file final_22.tsv (TSV, C-alpha atoms)
chain	number	residue	atom	x	y	z
A	184	MET	CA	3.72	13.45	-18.82
A	185	VAL	CA	1.68	10.62	-17.33
A	186	GLN	CA	1.10	10.79	-13.60
A	187	PRO	CA	2.23	7.70	-11.69
A	188	LEU	CA	-0.54	5.58	-10.22
A	189	ALA	CA	-0.75	4.51	-6.58
A	190	LEU	CA	-3.17	1.81	-5.48
A	191	LEU	CA	-4.45	2.59	-1.99
A	192	PHE	CA	-6.37	0.16	0.21
A	193	TYR	CA	-7.86	1.31	3.47
A	194	GLU	CA	-10.91	0.89	5.66
A	195	ARG	CA	-10.01	3.50	8.27
A	196	VAL	CA	-10.63	7.09	7.25
A	197	MET	CA	-7.40	8.07	8.97
A	198	PRO	CA	-4.74	7.58	7.61
A	199	GLY	CA	-6.40	6.69	4.27
A	200	SER	CA	-7.87	10.05	3.32
A	201	GLN	CA	-4.76	11.91	4.46
A	202	LEU	CA	-2.57	9.61	2.41
A	203	GLN	CA	-4.69	10.14	-0.69
A	204	THR	CA	-4.41	13.91	-0.33
A	205	ARG	CA	-0.63	13.76	0.20
A	206	LEU	CA	-0.08	11.44	-2.77
A	207	GLU	CA	-2.12	13.69	-5.05
A	208	ALA	CA	-0.08	16.68	-3.86
A	209	LEU	CA	3.05	14.76	-4.92
A	210	GLY	CA	1.61	14.28	-8.42
A	211	TYR	CA	0.18	10.77	-8.12
A	212	ARG	CA	-3.12	9.53	-9.43
A	213	VAL	CA	-4.71	7.47	-6.67
A	214	HIS	CA	-7.01	4.50	-7.11
A	215	ILE	CA	-8.77	3.62	-3.87
A	216	THR	CA	-10.35	0.38	-2.78
A	217	ASN	CA	-11.96	-0.45	0.51
A	218	ALA	CA	-12.32	-4.16	-0.26
A	219	VAL	CA	-9.43	-6.49	0.58
A	220	GLU	CA	-10.49	-8.91	-2.15
A	221	ASP	CA	-10.08	-6.20	-4.80
A	222	ILE	CA	-6.40	-5.45	-4.10
A	223	PHE	CA	-4.95	-8.32	-6.13
A	224	PRO	CA	-7.17	-7.98	-9.24
A	225	LEU	CA	-6.68	-4.21	-9.24
A	226	ALA	CA	-2.91	-4.62	-8.97
A	227	LYS	CA	-3.03	-7.04	-11.92
A	228	SER	CA	-5.19	-4.83	-14.12
A	229	LEU	CA	-3.96	-1.35	-13.19
A	230	LYS	CA	-0.25	-2.17	-12.72
A	231	PRO	CA	0.30	0.71	-10.28
A	232	LEU	CA	3.73	2.12	-9.57
A	233	ILE	CA	3.21	1.45	-5.85
A	234	ILE	CA	0.68	-0.14	-3.52
A	235	PHE	CA	-0.30	1.17	-0.09
A	236	ALA	CA	-2.20	-1.22	2.15
A	237	ASP	CA	-3.59	-0.44	5.58
A	238	LEU	CA	-3.20	-3.65	7.57
A	239	VAL	CA	-5.70	-2.67	10.24
A	240	THR	CA	-9.05	-3.98	9.05
A	241	LYS	CA	-12.24	-5.27	10.60
A	242	LYS	CA	-13.08	-7.84	7.99
A	243	LYS	CA	-10.11	-9.71	6.58
A	244	ASP	CA	-6.39	-10.21	6.89
A	245	VAL	CA	-4.51	-8.21	4.26
A	246	CYS	CA	-1.23	-10.16	4.47
A	247	PRO	CA	-2.39	-13.13	2.34
A	248	VAL	CA	-3.20	-10.69	-0.46
A	249	LEU	CA	0.25	-9.10	-0.15
A	250	SER	CA	1.77	-12.56	-0.34
A	251	ARG	CA	-0.23	-13.35	-3.46
A	252	ILE	CA	1.03	-10.15	-5.11
A	253	HIS	CA	4.58	-10.92	-4.04
A	254	GLN	CA	4.37	-14.39	-5.61
A	255	ASP	CA	2.84	-13.33	-8.93
A	256	PRO	CA	5.56	-12.89	-11.60
A	257	GLU	CA	3.59	-10.17	-13.41
A	258	ILE	CA	3.25	-7.85	-10.42
A	259	GLN	CA	5.77	-8.98	-7.81
A	260	HIS	CA	8.00	-6.03	-8.71
A	261	ILE	CA	5.43	-3.49	-7.46
A	262	PRO	CA	6.62	-2.09	-4.12
A	263	ILE	CA	4.19	-2.37	-1.23
A	264	ILE	CA	4.07	-0.01	1.73
A	265	ALA	CA	2.02	-1.48	4.55
A	266	ILE	CA	0.51	0.74	7.21
A	267	THR	CA	-0.04	-0.52	10.74
A	268	ASP	CA	-0.66	0.67	14.26
A	269	SER	CA	0.80	-0.39	17.56
A	270	SER	CA	-2.11	-2.65	18.59
A	271	ASP	CA	-0.51	-5.78	17.07
A	272	PRO	CA	3.29	-5.86	17.45
A	273	GLY	CA	3.60	-9.06	15.38
A	274	LEU	CA	1.86	-7.55	12.37
A	275	GLU	CA	5.01	-5.84	11.09
A	276	ALA	CA	6.93	-9.12	10.81
A	277	THR	CA	3.94	-10.88	9.25
A	278	ALA	CA	3.61	-8.13	6.64
A	279	GLN	CA	7.30	-8.28	5.78
A	280	GLU	CA	7.12	-12.05	5.40
A	281	ALA	CA	4.12	-11.55	3.10
A	282	GLY	CA	6.11	-9.24	0.84
A	283	ALA	CA	5.66	-5.70	2.11
A	284	ASN	CA	8.77	-3.70	1.25
A	285	ILE	CA	8.18	-1.19	4.02
A	286	VAL	CA	5.95	-1.39	7.09
A	287	VAL	CA	5.26	1.94	8.74
A	288	SER	CA	3.00	3.31	11.44
A	289	GLU	CA	-0.02	5.38	10.55
A	290	SER	CA	1.50	8.48	12.17
A	291	ALA	CA	4.77	8.16	10.25
A	292	ILE	CA	3.25	7.55	6.81
A	293	THR	CA	1.91	11.05	6.33
A	294	MET	CA	4.83	12.79	8.02
A	295	HIS	CA	7.49	10.94	6.04
A	296	LEU	CA	5.66	10.04	2.83
A	297	LYS	CA	8.13	11.45	0.33
A	298	PRO	CA	11.26	9.71	1.73
A	299	LEU	CA	9.28	6.49	2.17
A	300	LEU	CA	8.22	6.65	-1.48
A	301	GLU	CA	11.79	7.26	-2.58
A	302	ARG	CA	13.01	4.32	-0.49
A	303	ALA	CA	10.29	1.96	-1.75
A	304	LEU	CA	10.84	2.94	-5.40
A	305	ALA	CA	14.65	2.81	-5.29
A	306	VAL	CA	16.01	0.29	-7.76
A	307	GLU	CA	18.21	-2.22	-6.00
call {"tool": "encode", "arguments": {"input": "final_22.tsv", "output": "structure tokens"}}
result
Amino acid sequence: MVQPLALLFYERVMPGSQLQTRLEALGYRVHITNAVEDIFPLAKSLKPLIIFADLVTKKKDVCPVLSRIHQDPEIQHIPIIAITDSSDPGLEATAQEAGANIVVSESAITMHLKPLLERALAVE
């Protein structure tokens, strides 16, 4: 059986490394990128089952990339779970507008990963 692939973008070690470990424990292969500009081309080429994107970055805004994924007919079906912190209360709404299926805090992502995955992957 082929392991499902998760694309994981993060700059911050926490929650990124914890999330990678948890996903692997759930049977996922994890492809990691630390470059915002690589998210879209990797999503196009790898066609992951799910994308995780940490919205808290020093360099660039992640939401335009999420929007680009959401608008591309080839990959718009891939669920996106965006990870944020409480420092920017408007970031959740911006991420949802950009196409994130679920926006969750960094503390909740590792604690509730399995139900969040099930919710994001549920066929509507």
call {"tool": "residues_around", "arguments": {"input": "final_22.tsv", "residues": "range 301-306 of chain A", "least_positions_apart": "4", "cutoff": "12 Å", "atoms": "only C-alpha atoms", "output": "list in words"}}
result
Pro187, Ala189, Leu209, Pro231, Leu232, Ile233, Ile234, Phe235, His260, Ile261, Pro262, Ile263, Ile264, Ala265, Ala283, Asn284, Ile285, Val286, Val287, His295, Leu296 and Lys297 of chain A
call {"tool": "residues_around", "arguments": {"input": "final_22.tsv", "residues": "Leu191 in chain A", "least_positions_apart": "3", "cutoff": "7 Å", "atoms": "only C-alpha atoms", "output": "compact mmCIF listing (two decimals) with C-alpha atoms, in the frame of the given file"}}
result
# COMPACT_ATOMS: atom_id res chain seq x y z
CA VAL A 213 -4.71 7.47 -6.67
CA HIS A 214 -7.01 4.50 -7.11
CA ILE A 215 -8.77 3.62 -3.87
CA THR A 216 -10.35 0.38 -2.78
CA ILE A 234 0.68 -0.14 -3.52
CA PHE A 235 -0.30 1.17 -0.09
CA ALA A 236 -2.20 -1.22 2.15
call {"tool": "residues_around", "arguments": {"input": "final_22.tsv", "residues": "His253 in chain A", "least_positions_apart": "3", "cutoff": "6 Å", "atoms": "only C-alpha atoms", "output": "list in words"}}
result
Ser250, Gln259 and Gly282 of chain A
call {"tool": "atom_distance", "arguments": {"input": "final_22.tsv", "atom1": "CA of Asp271 in chain A", "atom2": "CA of Ile252 in chain A"}}
result
22.7 Å
call {"tool": "atom_distance", "arguments": {"input": "final_22.tsv", "atom1": "CA of Lys242 in chain A", "atom2": "CA of Asn217 in chain A"}}
result
10.6 Å
call {"tool": "atom_distance", "arguments": {"input": "final_22.tsv", "atom1": "CA of Ala218 in chain A", "atom2": "CA of Pro272 in chain A"}}
result
23.7 Å
call {"tool": "residues_around", "arguments": {"input": "final_22.tsv", "residues": "Gln186 in chain A", "least_positions_apart": "5", "cutoff": "9 Å", "atoms": "all atoms listed in the file", "output": "PDB file with C-alpha atoms, in the frame of the given file"}}
result
ATOM      1  CA  GLY A 210       1.610  14.280  -8.420  1.00  0.00           C
ATOM      2  CA  TYR A 211       0.180  10.770  -8.120  1.00  0.00           C
ATOM      3  CA  ARG A 212      -3.120   9.530  -9.430  1.00  0.00           C
TER       4      ARG A 212
END
call {"tool": "residues_around", "arguments": {"input": "final_22.tsv", "residues": "Val239 in chain A", "least_positions_apart": "6", "cutoff": "10 Å", "atoms": "all atoms listed in the file", "output": "PyMOL selection string"}}
result
chain A and resi 193-195+245+265-268+270-271+274+289
call {"tool": "closest_residue", "arguments": {"input": "final_22.tsv", "among": "A:Pro198, A:Pro256, A:Pro298, A:Pro247", "to": "Ala281 in chain A", "atoms": "only C-alpha atoms"}}
result
A:Pro247
